[in-house]
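Pasted below: data.cif, mmCIF, C-alpha atoms.
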data_query
loop_
_atom_site.label_atom_id
_atom_site.label_comp_id
_atom_site.auth_asym_id
_atom_site.auth_seq_id
_atom_site.Cartn_x
_atom_site.Cartn_y
_atom_site.Cartn_z
CA MET A 233 17.26 -11.75 -2.28
CA GLU A 234 18.82 -8.46 -3.35
CA LEU A 235 17.62 -5.70 -1.05
CA GLU A 236 17.90 -2.13 -2.32
CA VAL A 237 16.71 1.19 -0.93
CA LEU A 238 17.00 4.82 -1.98
CA SER A 239 18.81 6.20 1.04
CA PRO A 240 18.33 5.43 4.74
CA GLU A 241 16.28 8.59 5.32
CA ALA A 242 14.12 8.39 2.19
CA ALA A 243 13.55 4.67 2.57
CA SER A 244 12.51 4.99 6.20
CA GLU A 245 9.85 7.59 5.37
CA GLN A 246 8.54 5.72 2.32
CA TYR A 247 8.35 2.41 4.16
CA GLN A 248 6.60 3.85 7.21
CA LEU A 249 4.03 5.47 4.94
CA PHE A 250 3.66 2.17 3.07
CA LEU A 251 2.66 0.52 6.37
CA LEU A 252 0.31 3.29 7.48
CA ASP A 253 -1.36 3.44 4.05
CA GLY A 254 -2.61 -0.07 4.73
CA LEU A 255 -4.79 1.25 7.55
CA ARG A 256 -6.82 3.44 5.19
CA ARG A 257 -10.41 2.29 4.65
CA ASN A 258 -11.49 3.59 1.23
CA PRO A 259 -8.58 4.49 -1.06
CA SER A 260 -9.16 5.27 -4.72
CA PRO A 261 -8.87 2.27 -7.06
CA LEU A 262 -5.45 1.94 -8.71
CA VAL A 263 -4.48 -0.60 -11.37
CA LEU A 264 -0.91 -1.14 -12.59
CA VAL A 265 -0.67 -2.80 -16.01
CA VAL A 266 2.71 -4.48 -16.52
CA ARG A 267 2.99 -4.18 -20.29
CA GLU A 268 4.48 -1.78 -22.81
CA ALA A 269 2.56 1.49 -23.04
CA ALA A 270 0.56 0.81 -26.23
CA THR A 271 -0.80 -2.49 -24.94
CA ALA A 272 -1.44 -0.98 -21.50
CA ALA A 273 -3.48 1.79 -23.14
CA LEU A 274 -5.75 -0.82 -24.72
CA VAL A 275 -6.19 -2.49 -21.32
CA ALA A 276 -7.04 0.90 -19.81
CA LEU A 277 -9.69 1.48 -22.47
CA ARG A 278 -11.22 -1.94 -21.82
CA LEU A 279 -11.31 -1.35 -18.06
CA HIS A 280 -12.86 2.06 -18.54
CA GLY A 281 -15.42 0.78 -21.03
CA GLY A 282 -16.42 -2.21 -18.94
CA GLY A 283 -14.96 -4.73 -21.38
CA ALA A 284 -12.57 -6.16 -18.78
CA SER A 285 -13.55 -7.59 -15.42
CA TRP A 286 -12.96 -5.46 -12.34
CA ASP A 287 -14.06 -6.89 -9.03
CA GLU A 288 -14.68 -3.46 -7.53
CA ARG A 289 -15.48 -1.27 -10.49
CA PRO A 290 -15.51 2.38 -9.38
CA ALA A 291 -18.88 4.05 -9.04
CA ARG A 292 -17.43 7.37 -10.20
CA ILE A 293 -16.82 7.32 -13.94
CA ASP A 294 -16.52 10.01 -16.60
CA GLY A 295 -13.81 10.32 -19.23
CA LEU A 296 -10.47 8.52 -19.42
CA LEU A 297 -7.58 11.00 -19.49
CA GLN A 298 -4.15 9.89 -20.69
CA LEU A 299 -1.49 12.16 -19.23
CA ASP A 300 1.63 13.11 -21.16
CA LEU A 301 4.12 12.62 -18.33
CA ALA A 302 7.01 14.29 -20.16
CA SER A 303 4.94 17.45 -20.66
CA LEU A 304 3.69 17.25 -17.10
CA VAL A 305 7.24 17.22 -15.74
CA ALA A 306 8.31 20.00 -18.11
CA GLY A 307 5.43 22.15 -16.86
CA GLY A 308 6.93 22.42 -13.40
CA ALA A 309 5.88 21.66 -9.84
CA ASP A 310 3.11 24.27 -9.57
CA ARG A 311 1.32 22.99 -12.64
CA ALA A 312 1.65 19.38 -11.46
CA THR A 313 0.16 20.30 -8.09
CA SER A 314 -2.76 22.20 -9.61
CA LEU A 315 -3.46 19.27 -11.94
CA LEU A 316 -3.94 16.98 -8.96
CA THR A 317 -6.48 19.42 -7.51
CA GLU A 318 -8.32 19.57 -10.82
CA LEU A 319 -8.44 15.78 -11.17
CA ALA A 320 -9.79 15.29 -7.65
CA ALA A 321 -12.70 17.59 -8.50
CA THR A 322 -13.84 15.41 -11.42
CA ASP A 323 -14.99 11.84 -12.02
CA HIS A 324 -12.38 11.31 -14.73
CA TRP A 325 -10.17 8.25 -14.67
CA VAL A 326 -6.47 8.86 -15.25
CA PHE A 327 -4.08 6.75 -17.33
CA LEU A 328 -0.35 7.18 -16.66
CA PRO A 329 1.74 5.36 -19.29
CA ASN A 330 5.24 4.40 -18.14
CA VAL A 331 4.58 5.71 -14.63
CA ASP A 332 8.11 4.64 -13.62
CA THR A 333 9.50 7.68 -15.48
CA LEU A 334 8.02 9.94 -12.79
CA VAL A 335 10.55 8.79 -10.19
CA GLU A 336 13.45 10.08 -12.28
CA SER A 337 12.85 13.80 -11.65
CA GLU A 338 11.99 16.02 -8.72
CA VAL A 339 8.81 17.32 -10.36
CA GLY A 340 7.71 13.83 -11.35
CA ARG A 341 8.44 12.48 -7.89
CA GLY A 342 6.43 15.29 -6.32
CA PHE A 343 3.49 14.62 -8.64
CA LEU A 344 3.58 10.90 -7.88
CA ASP A 345 3.73 11.52 -4.14
CA GLY A 346 0.77 13.90 -4.39
CA LEU A 347 -1.15 11.41 -6.51
CA ILE A 348 -0.67 8.68 -3.91
CA VAL A 349 -1.91 11.03 -1.18
CA SER A 350 -5.01 11.64 -3.31
CA VAL A 351 -5.43 7.89 -3.86
CA GLY A 352 -5.07 7.18 -0.16
CA GLN A 353 -7.73 9.74 0.70
CA GLY A 354 -10.11 8.42 -1.95
CA GLU A 355 -10.21 11.75 -3.77
CA ILE A 356 -9.55 10.61 -7.34
CA ALA A 357 -12.04 8.48 -9.27
CA ALA A 358 -9.56 5.87 -10.55
CA VAL A 359 -5.96 5.57 -11.68
CA ILE A 360 -4.60 3.16 -14.29
CA ALA A 361 -0.83 3.19 -14.71
CA SER A 362 1.64 1.12 -16.68
CA THR A 363 5.22 -0.03 -16.50
CA THR A 364 7.16 -2.66 -18.42
CA PRO A 365 8.25 -5.99 -16.94
CA GLU A 366 11.85 -4.77 -17.14
CA ARG A 367 11.08 -1.60 -15.19
CA LEU A 368 8.80 -3.18 -12.61
CA PRO A 369 11.61 -3.99 -10.11
CA HIS A 370 12.78 -0.37 -10.29
CA LEU A 371 9.25 0.88 -9.64
CA GLN A 372 8.88 -1.49 -6.69
CA LYS A 373 12.07 -0.08 -5.21
CA MET A 374 11.38 3.59 -5.87
CA ALA A 375 7.60 3.78 -5.31
CA PRO A 376 6.56 1.33 -2.57
CA ARG A 377 3.46 3.38 -1.72
CA LEU A 378 2.14 3.11 -5.27
CA MET A 379 2.78 -0.63 -5.25
CA GLY A 380 0.93 -0.99 -1.97
CA PHE A 381 -2.26 0.50 -3.38
CA ALA A 382 -2.06 -1.14 -6.81
CA ILE A 383 -3.81 -4.16 -8.21
CA THR A 384 -1.10 -5.37 -10.59
CA LEU A 385 -1.94 -7.19 -13.80
CA PRO A 386 -1.04 -9.28 -15.54
CA VAL A 387 1.43 -11.12 -13.34
CA GLY A 388 1.71 -14.64 -14.67
CA GLU A 389 -1.88 -15.71 -15.20
CA GLY A 390 -3.61 -13.45 -12.74
CA LYS A 391 -3.72 -10.33 -10.61
CA ALA A 392 -1.43 -9.57 -7.70
CA THR A 393 -1.33 -7.17 -4.79
CA TYR A 394 1.81 -6.18 -2.92
CA ARG A 395 1.21 -6.60 0.78
CA SER A 396 4.86 -6.74 1.80
CA ILE A 397 8.28 -5.48 0.82
CA ALA A 398 11.84 -6.23 1.88
CA ALA A 399 14.21 -3.51 3.02
CA ARG A 400 17.73 -3.20 4.29
CA SER A 401 17.70 -2.05 7.90
CA THR A 402 19.74 0.98 8.87
CA ASP A 403 20.31 -0.62 12.29
CA SER A 404 21.81 -4.10 12.46
CA LEU A 405 19.90 -4.71 15.70
CA ASP A 406 16.56 -3.68 14.21
CA THR A 407 15.64 -6.52 11.88
CA GLY A 408 12.69 -8.83 11.28
CA TRP A 409 9.05 -8.25 10.37
CA VAL A 410 6.97 -5.17 11.11
CA VAL A 411 3.31 -5.78 10.27
CA ALA A 412 0.43 -3.30 10.08
CA VAL A 413 -2.93 -4.69 11.23
CA ARG A 414 -6.11 -2.71 10.56
CA TYR A 415 -8.82 -2.46 13.20
CA GLU A 416 -12.46 -1.98 12.25
CA LEU A 417 -14.00 -1.81 15.71
CA THR A 418 -17.15 -0.29 17.15
CA GLY A 419 -15.73 -0.11 20.68
CA ASP A 420 -12.37 0.44 22.31
CA ILE A 421 -9.82 -2.24 23.21
CA GLN A 422 -8.73 -3.53 26.60
CA ARG A 423 -5.04 -2.75 25.90
CA GLU A 424 -3.86 -5.82 27.77
CA MET A 425 -2.53 -8.87 25.97
CA ASN A 426 -4.81 -11.83 26.51
CA ALA A 427 -2.74 -14.91 25.66
CA ALA A 428 -5.30 -17.45 26.79
CA GLY A 429 -6.23 -20.22 24.43
CA PRO A 430 -4.63 -23.32 22.98
CA ALA A 431 -1.41 -22.85 20.98
CA ALA A 432 -1.55 -19.09 21.49
CA ASP A 433 1.37 -18.60 23.88
CA GLY A 434 4.10 -19.92 21.59
CA ARG A 435 3.36 -17.53 18.77
CA LEU A 436 2.77 -14.53 21.01
CA HIS A 437 6.28 -14.94 22.41
CA LEU A 438 7.53 -13.99 18.94
CA VAL A 439 6.03 -10.48 19.29
CA ASP A 440 8.77 -7.97 20.03
CA SER A 441 6.83 -4.70 20.05
CA MET A 442 3.38 -3.23 19.46
CA GLY A 443 2.29 0.31 18.71
CA LEU A 444 -1.30 1.52 18.47
CA VAL A 445 -2.19 3.87 15.63
CA LYS A 446 -4.88 6.09 17.13
CA ARG A 447 -7.47 8.47 15.77
CA GLU A 448 -8.58 11.65 17.53
CA THR A 449 -11.62 9.92 19.01
CA GLY A 450 -12.98 6.41 19.05
CA PRO A 451 -11.28 3.04 18.59
CA PRO A 452 -7.75 2.91 17.18
CA LEU A 453 -7.11 2.65 13.44
CA GLY A 454 -4.71 -0.22 13.78
CA LEU A 455 -1.65 -1.79 15.32
CA LEU A 456 1.98 -2.01 14.22
CA VAL A 457 3.38 -5.36 15.35
CA GLY A 458 7.13 -5.95 15.46
CA LEU A 459 8.21 -9.59 15.44
CA SER A 460 11.53 -10.77 16.87
CA ALA A 461 14.42 -10.89 14.43
CA ASP A 462 14.69 -14.68 14.34
CA ALA A 463 10.92 -15.36 14.26
CA PHE A 464 10.36 -15.66 10.51
CA THR A 465 12.33 -15.30 7.31
CA ALA A 466 11.43 -12.99 4.41
CA SER A 467 9.67 -15.87 2.64
CA GLN A 468 7.41 -16.64 5.62
CA GLU A 469 4.95 -13.82 5.05
CA ASP A 470 1.85 -15.92 5.79
CA ALA A 471 3.20 -17.11 9.16
CA ALA A 472 4.36 -13.61 10.14
CA PHE A 473 1.02 -12.09 9.18
CA ALA A 474 -0.92 -14.75 11.08
CA THR A 475 1.12 -14.08 14.21
CA ALA A 476 0.56 -10.34 13.93
CA ALA A 477 -3.18 -10.89 13.47
CA LEU A 478 -3.26 -13.10 16.56
CA ALA A 479 -1.47 -10.46 18.63
CA ALA A 480 -3.82 -7.72 17.42
CA THR A 481 -6.89 -9.84 18.15
CA ARG A 482 -5.65 -10.74 21.63
CA LEU A 483 -4.96 -7.07 22.34
CA VAL A 484 -8.63 -6.26 21.75
CA GLY A 485 -9.19 -8.23 24.93
CA ARG A 486 -12.81 -9.13 24.24
CA PRO A 487 -14.79 -11.09 21.66
CA LEU A 488 -15.23 -9.26 18.39
CA ARG A 489 -18.72 -7.88 17.90
CA PRO A 490 -20.77 -8.43 14.73
CA GLY A 491 -19.25 -6.41 11.92
CA GLU A 492 -15.91 -5.87 13.66
CA GLN A 493 -12.75 -7.01 11.89
CA VAL A 494 -9.03 -7.35 12.53
CA THR A 495 -7.25 -7.46 9.17
CA VAL A 496 -3.56 -7.74 8.34
CA ALA A 497 -2.84 -4.93 5.90
CA ARG A 498 0.88 -4.83 5.03
CA GLY A 499 4.30 -5.83 6.24
CA ILE A 500 7.97 -4.97 5.86
CA PHE A 501 10.80 -7.44 6.35
CA TYR A 502 13.94 -5.63 7.51
CA ALA A 503 17.22 -7.48 7.02
#

Take the structure from the file and write it as structure tokens.
Amino acid sequence: MELEVLSPEAASEQYQLFLLDGLRRNPSPLVLVVREAATAALVALRLHGGGASWDERPARIDGLLQLDLASLVAGGADRATSLLTELAATDHWVFLPNVDTLVESEVGRGFLDGLIVSVGQGEIAAVIASTTPERLPHLQKMAPRLMGFAITLPVGEGKATYRSIAARSTDSLDTGWVVAVRYELTGDIQREMNAAGPAADGRLHLVDSMGLVKRETGPPLGLLVGLSADAFTASQEDAAFATAALAATRLVGRPLRPGEQVTVARGIFYA
């Protein structure tokens, strides 16, 4: 696997945000259509008009606005910022053809970063974006936060979501999986690892670190679980996620109550 990053500093920030974004409860819907722009526009129209299936069709719906990204970038940072504010105040859906072009300029990058903040906070009604199959790997590298929120279609014969990414570690001693697990709890946790139970001990020994992500009051938002460097390979996402979920559940220290959930959100494999 070829692992590429922007720069150590930029990658670290983007990847940490990618993990923490997974703890958000109600982000705005975002679809990434992997087709050339004209075909993607037709898909966007079908999604907007209800002619294509969408498992969680947004309740907020008004017009479908196609943005001219070249003009947006040429208009400067202030205009791009004000546009985001305007969009969040409406129920319009937004279509961004060739969204990968935004990462090539400072203004475009700033707009995309602001858009993802708006998506994460559930402020914008819906976003449909497109990229080509040839540009998809570049977008995955340059915009991991967008990929984390996106339902990507079509990929092969169906939809895909990106729950994990691979990154080159800036520290040779800091490798392996880091997994974000989302808590949806009605009460606090015990904060002591309870390893009781058959077959639990072996997997829990693979946990290298844990960090609670807290809110100002109430139960924590989630847990970042670091697994030992030799625990799982990059291709063993399912096993790594299952181990992180087990650790997060054991840390609760009590049976889950009705309606409570412990859900693996996202992971990064550092190599």

Using all atoms listed in the file and a cutoff of 12 Å, can you tell me which residues are near (-0.8, 3.1, 0.5) in the file's coordinates, and write them out as a tab-separated table (two decimals) with C-alpha atoms, keeping the file's coordinate frame?
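Output below, filename out_30.tsv:
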chain	number	residue	atom	x	y	z
A	246	GLN	CA	8.54	5.72	2.32
A	247	TYR	CA	8.35	2.41	4.16
A	248	GLN	CA	6.60	3.85	7.21
A	249	LEU	CA	4.03	5.47	4.94
A	250	PHE	CA	3.66	2.17	3.07
A	251	LEU	CA	2.66	0.52	6.37
A	252	LEU	CA	0.31	3.29	7.48
A	253	ASP	CA	-1.36	3.44	4.05
A	254	GLY	CA	-2.61	-0.07	4.73
A	255	LEU	CA	-4.79	1.25	7.55
A	256	ARG	CA	-6.82	3.44	5.19
A	257	ARG	CA	-10.41	2.29	4.65
A	258	ASN	CA	-11.49	3.59	1.23
A	259	PRO	CA	-8.58	4.49	-1.06
A	260	SER	CA	-9.16	5.27	-4.72
A	261	PRO	CA	-8.87	2.27	-7.06
A	262	LEU	CA	-5.45	1.94	-8.71
A	345	ASP	CA	3.73	11.52	-4.14
A	346	GLY	CA	0.77	13.90	-4.39
A	347	LEU	CA	-1.15	11.41	-6.51
A	348	ILE	CA	-0.67	8.68	-3.91
A	349	VAL	CA	-1.91	11.03	-1.18
A	350	SER	CA	-5.01	11.64	-3.31
A	351	VAL	CA	-5.43	7.89	-3.86
A	352	GLY	CA	-5.07	7.18	-0.16
A	353	GLN	CA	-7.73	9.74	0.70
A	354	GLY	CA	-10.11	8.42	-1.95
A	375	ALA	CA	7.60	3.78	-5.31
A	376	PRO	CA	6.56	1.33	-2.57
A	377	ARG	CA	3.46	3.38	-1.72
A	378	LEU	CA	2.14	3.11	-5.27
A	379	MET	CA	2.78	-0.63	-5.25
A	380	GLY	CA	0.93	-0.99	-1.97
A	381	PHE	CA	-2.26	0.50	-3.38
A	382	ALA	CA	-2.06	-1.14	-6.81
A	383	ILE	CA	-3.81	-4.16	-8.21
A	393	THR	CA	-1.33	-7.17	-4.79
A	394	TYR	CA	1.81	-6.18	-2.92
A	395	ARG	CA	1.21	-6.60	0.78
A	396	SER	CA	4.86	-6.74	1.80
A	412	ALA	CA	0.43	-3.30	10.08
A	497	ALA	CA	-2.84	-4.93	5.90
A	498	ARG	CA	0.88	-4.83	5.03
A	499	GLY	CA	4.30	-5.83	6.24

On this structure, which residues satisfy the PyMOL selection byres ((chain A and resi 267) around 9), written as a tab-separated table (two decimals) with C-alpha atoms, in the frame of the given file?
chain	number	residue	atom	x	y	z
A	265	VAL	CA	-0.67	-2.80	-16.01
A	266	VAL	CA	2.71	-4.48	-16.52
A	268	GLU	CA	4.48	-1.78	-22.81
A	269	ALA	CA	2.56	1.49	-23.04
A	270	ALA	CA	0.56	0.81	-26.23
A	271	THR	CA	-0.80	-2.49	-24.94
A	272	ALA	CA	-1.44	-0.98	-21.50
A	362	SER	CA	1.64	1.12	-16.68
A	363	THR	CA	5.22	-0.03	-16.50
A	364	THR	CA	7.16	-2.66	-18.42
A	365	PRO	CA	8.25	-5.99	-16.94
A	385	LEU	CA	-1.94	-7.19	-13.80
A	386	PRO	CA	-1.04	-9.28	-15.54

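Compared by their closest atoms to A:Ala273, and using only C-alpha atoms, the residues A:Ser467, A:Thr449, A:Gln422, A:Gln298 rank with A:Gln298 nearest.
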
Evaluate the PyMOL selection byres ((chain A and resi 411) around 10) and record the selected residues as a PyMOL selection string, following the chain and residue labels used in the document.
-> chain A and resi 251-252+254+395-396+408-410+412-414+442+455-459+469+472-477+496-501

Closest of A:Trp325, A:Asp300, A:Ala461, A:Arg311 to A:Ser401 - atom-to-atom distances counting all atoms listed in the file | A:Ala461

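Straight-line separation from atom CA of A:Pro329 to atom CA of A:Leu371: 13.0 Å.
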
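If all atoms listed in the file are the atoms counted, then among A:Ala357, A:Leu417, A:Ala471, A:Ala399 the closest residue to A:Gly454 is A:Leu417.
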
d(atom CA of A:Asp332, atom CA of A:Met374) in Å =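 Separation between atom CA of A:Asp332 and atom CA of A:Met374: 8.5 Å.
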
Between atom CA of A:Ala358 and atom CA of A:Val326 - distance in Å to one decimal =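 Between these atoms lies a distance of 6.4 Å.
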
Step by step: start from the point (3.6, 16.4, -9.7) in the file's coordinates, keep every protein, DNA or RNA residue that has an atom no farther than 9 Å from it, count only C-alpha atoms, and write the set as a list in words.
->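 Result, sorted by chain then residue number: Leu304, Val305, Gly308, Ala309, Asp310, Arg311, Ala312, Thr313, Ser314, Leu315, Leu316, Leu334, Glu338, Val339, Gly340, Arg341, Gly342, Phe343, Leu344, Asp345, Gly346 and Leu347 of chain A.
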
Choose the residue, out of A:Ala466, A:Ala398, A:Ala361, A:Ile421, that has the smallest atom-to-atom separation from A:Thr333; count all atoms listed in the file.
-> A:Ala361

Check the smallest atom-to-atom distance from each of A:Pro290, A:Arg367, A:Ser441, A:Arg278 to A:Ser460 using all atoms listed in the file, then report the winner.
-> A:Ser441

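Comparing A:Ser285, A:Gln372, A:Thr322, A:Gln493 by their smallest distance to A:Ala480, the closest is A:Gln493 (using only C-alpha atoms).
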
Using the atoms already present, construct all heavy atoms for stretch 392-403 of chain A and hand them back as an mmCIF file, keeping the file's coordinate frame.
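Output (rebuild_34.cif):
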data_model
loop_
_atom_site.group_PDB
_atom_site.id
_atom_site.type_symbol
_atom_site.label_atom_id
_atom_site.label_comp_id
_atom_site.auth_asym_id
_atom_site.auth_seq_id
_atom_site.Cartn_x
_atom_site.Cartn_y
_atom_site.Cartn_z
ATOM 1 N N ALA A 392 -2.230 -9.481 -8.915
ATOM 2 C CA ALA A 392 -1.430 -9.570 -7.700
ATOM 3 C C ALA A 392 -1.544 -8.257 -6.940
ATOM 4 O O ALA A 392 -1.762 -7.200 -7.522
ATOM 5 C CB ALA A 392 0.036 -9.855 -8.033
ATOM 6 N N THR A 393 -1.437 -8.356 -5.637
ATOM 7 C CA THR A 393 -1.330 -7.170 -4.790
ATOM 8 C C THR A 393 -0.056 -7.304 -3.972
ATOM 9 O O THR A 393 0.373 -8.413 -3.638
ATOM 10 C CB THR A 393 -2.539 -7.040 -3.845
ATOM 11 O OG1 THR A 393 -2.672 -8.250 -3.080
ATOM 12 C CG2 THR A 393 -3.817 -6.803 -4.624
ATOM 13 N N TYR A 394 0.558 -6.180 -3.670
ATOM 14 C CA TYR A 394 1.810 -6.180 -2.920
ATOM 15 C C TYR A 394 1.522 -5.801 -1.473
ATOM 16 O O TYR A 394 1.306 -4.639 -1.143
ATOM 17 C CB TYR A 394 2.804 -5.205 -3.562
ATOM 18 C CG TYR A 394 3.389 -5.745 -4.850
ATOM 19 C CD1 TYR A 394 2.673 -5.669 -6.039
ATOM 20 C CD2 TYR A 394 4.634 -6.362 -4.864
ATOM 21 C CE1 TYR A 394 3.185 -6.188 -7.217
ATOM 22 C CE2 TYR A 394 5.152 -6.885 -6.036
ATOM 23 C CZ TYR A 394 4.426 -6.788 -7.202
ATOM 24 O OH TYR A 394 4.938 -7.309 -8.367
ATOM 25 N N ARG A 395 1.479 -6.827 -0.638
ATOM 26 C CA ARG A 395 1.210 -6.600 0.780
ATOM 27 C C ARG A 395 2.486 -6.474 1.596
ATOM 28 O O ARG A 395 2.434 -6.090 2.758
ATOM 29 C CB ARG A 395 0.368 -7.734 1.355
ATOM 30 C CG ARG A 395 -1.029 -7.850 0.758
ATOM 31 C CD ARG A 395 -1.914 -8.696 1.658
ATOM 32 N NE ARG A 395 -1.331 -10.006 1.952
ATOM 33 C CZ ARG A 395 -1.737 -10.795 2.944
ATOM 34 N NH1 ARG A 395 -2.696 -10.402 3.757
ATOM 35 N NH2 ARG A 395 -1.183 -11.977 3.133
ATOM 36 N N SER A 396 3.621 -6.811 1.019
ATOM 37 C CA SER A 396 4.860 -6.740 1.800
ATOM 38 C C SER A 396 6.023 -6.387 0.903
ATOM 39 O O SER A 396 5.992 -6.614 -0.308
ATOM 40 C CB SER A 396 5.125 -8.077 2.506
ATOM 41 O OG SER A 396 5.370 -9.105 1.568
ATOM 42 N N ILE A 397 7.048 -5.817 1.513
ATOM 43 C CA ILE A 397 8.280 -5.480 0.820
ATOM 44 C C ILE A 397 9.446 -5.837 1.732
ATOM 45 O O ILE A 397 9.279 -6.002 2.945
ATOM 46 C CB ILE A 397 8.347 -3.994 0.436
ATOM 47 C CG1 ILE A 397 8.138 -3.110 1.670
ATOM 48 C CG2 ILE A 397 7.349 -3.652 -0.638
ATOM 49 C CD1 ILE A 397 8.217 -1.627 1.371
ATOM 50 N N ALA A 398 10.623 -5.970 1.129
ATOM 51 C CA ALA A 398 11.840 -6.230 1.880
ATOM 52 C C ALA A 398 12.709 -4.992 1.842
ATOM 53 O O ALA A 398 12.758 -4.281 0.839
ATOM 54 C CB ALA A 398 12.594 -7.420 1.291
ATOM 55 N N ALA A 399 13.382 -4.717 2.928
ATOM 56 C CA ALA A 399 14.210 -3.510 3.020
ATOM 57 C C ALA A 399 15.465 -3.818 3.813
ATOM 58 O O ALA A 399 15.475 -4.682 4.697
ATOM 59 C CB ALA A 399 13.432 -2.385 3.692
ATOM 60 N N ARG A 400 16.513 -3.086 3.502
ATOM 61 C CA ARG A 400 17.730 -3.200 4.290
ATOM 62 C C ARG A 400 17.624 -2.293 5.499
ATOM 63 O O ARG A 400 17.354 -1.100 5.368
ATOM 64 C CB ARG A 400 18.956 -2.813 3.450
ATOM 65 C CG ARG A 400 20.278 -3.210 4.108
ATOM 66 C CD ARG A 400 21.460 -2.699 3.294
ATOM 67 N NE ARG A 400 21.416 -3.160 1.907
ATOM 68 C CZ ARG A 400 21.810 -4.383 1.525
ATOM 69 N NH1 ARG A 400 22.238 -5.248 2.418
ATOM 70 N NH2 ARG A 400 21.762 -4.720 0.248
ATOM 71 N N SER A 401 17.805 -2.838 6.680
ATOM 72 C CA SER A 401 17.700 -2.050 7.900
ATOM 73 C C SER A 401 18.905 -1.136 8.057
ATOM 74 O O SER A 401 20.027 -1.493 7.691
ATOM 75 C CB SER A 401 17.595 -2.982 9.114
ATOM 76 O OG SER A 401 17.598 -2.234 10.306
ATOM 77 N N THR A 402 18.653 0.057 8.579
ATOM 78 C CA THR A 402 19.740 0.980 8.870
ATOM 79 C C THR A 402 20.376 0.692 10.230
ATOM 80 O O THR A 402 21.366 1.300 10.592
ATOM 81 C CB THR A 402 19.236 2.429 8.836
ATOM 82 O OG1 THR A 402 18.160 2.565 9.780
ATOM 83 C CG2 THR A 402 18.728 2.795 7.448
ATOM 84 N N ASP A 403 19.802 -0.233 10.974
ATOM 85 C CA ASP A 403 20.310 -0.620 12.290
ATOM 86 C C ASP A 403 20.401 -2.140 12.327
ATOM 87 O O ASP A 403 19.393 -2.829 12.205
ATOM 88 C CB ASP A 403 19.367 -0.117 13.386
ATOM 89 C CG ASP A 403 19.873 -0.419 14.793
ATOM 90 O OD1 ASP A 403 20.828 -1.220 14.936
ATOM 91 O OD2 ASP A 403 19.311 0.131 15.749
#
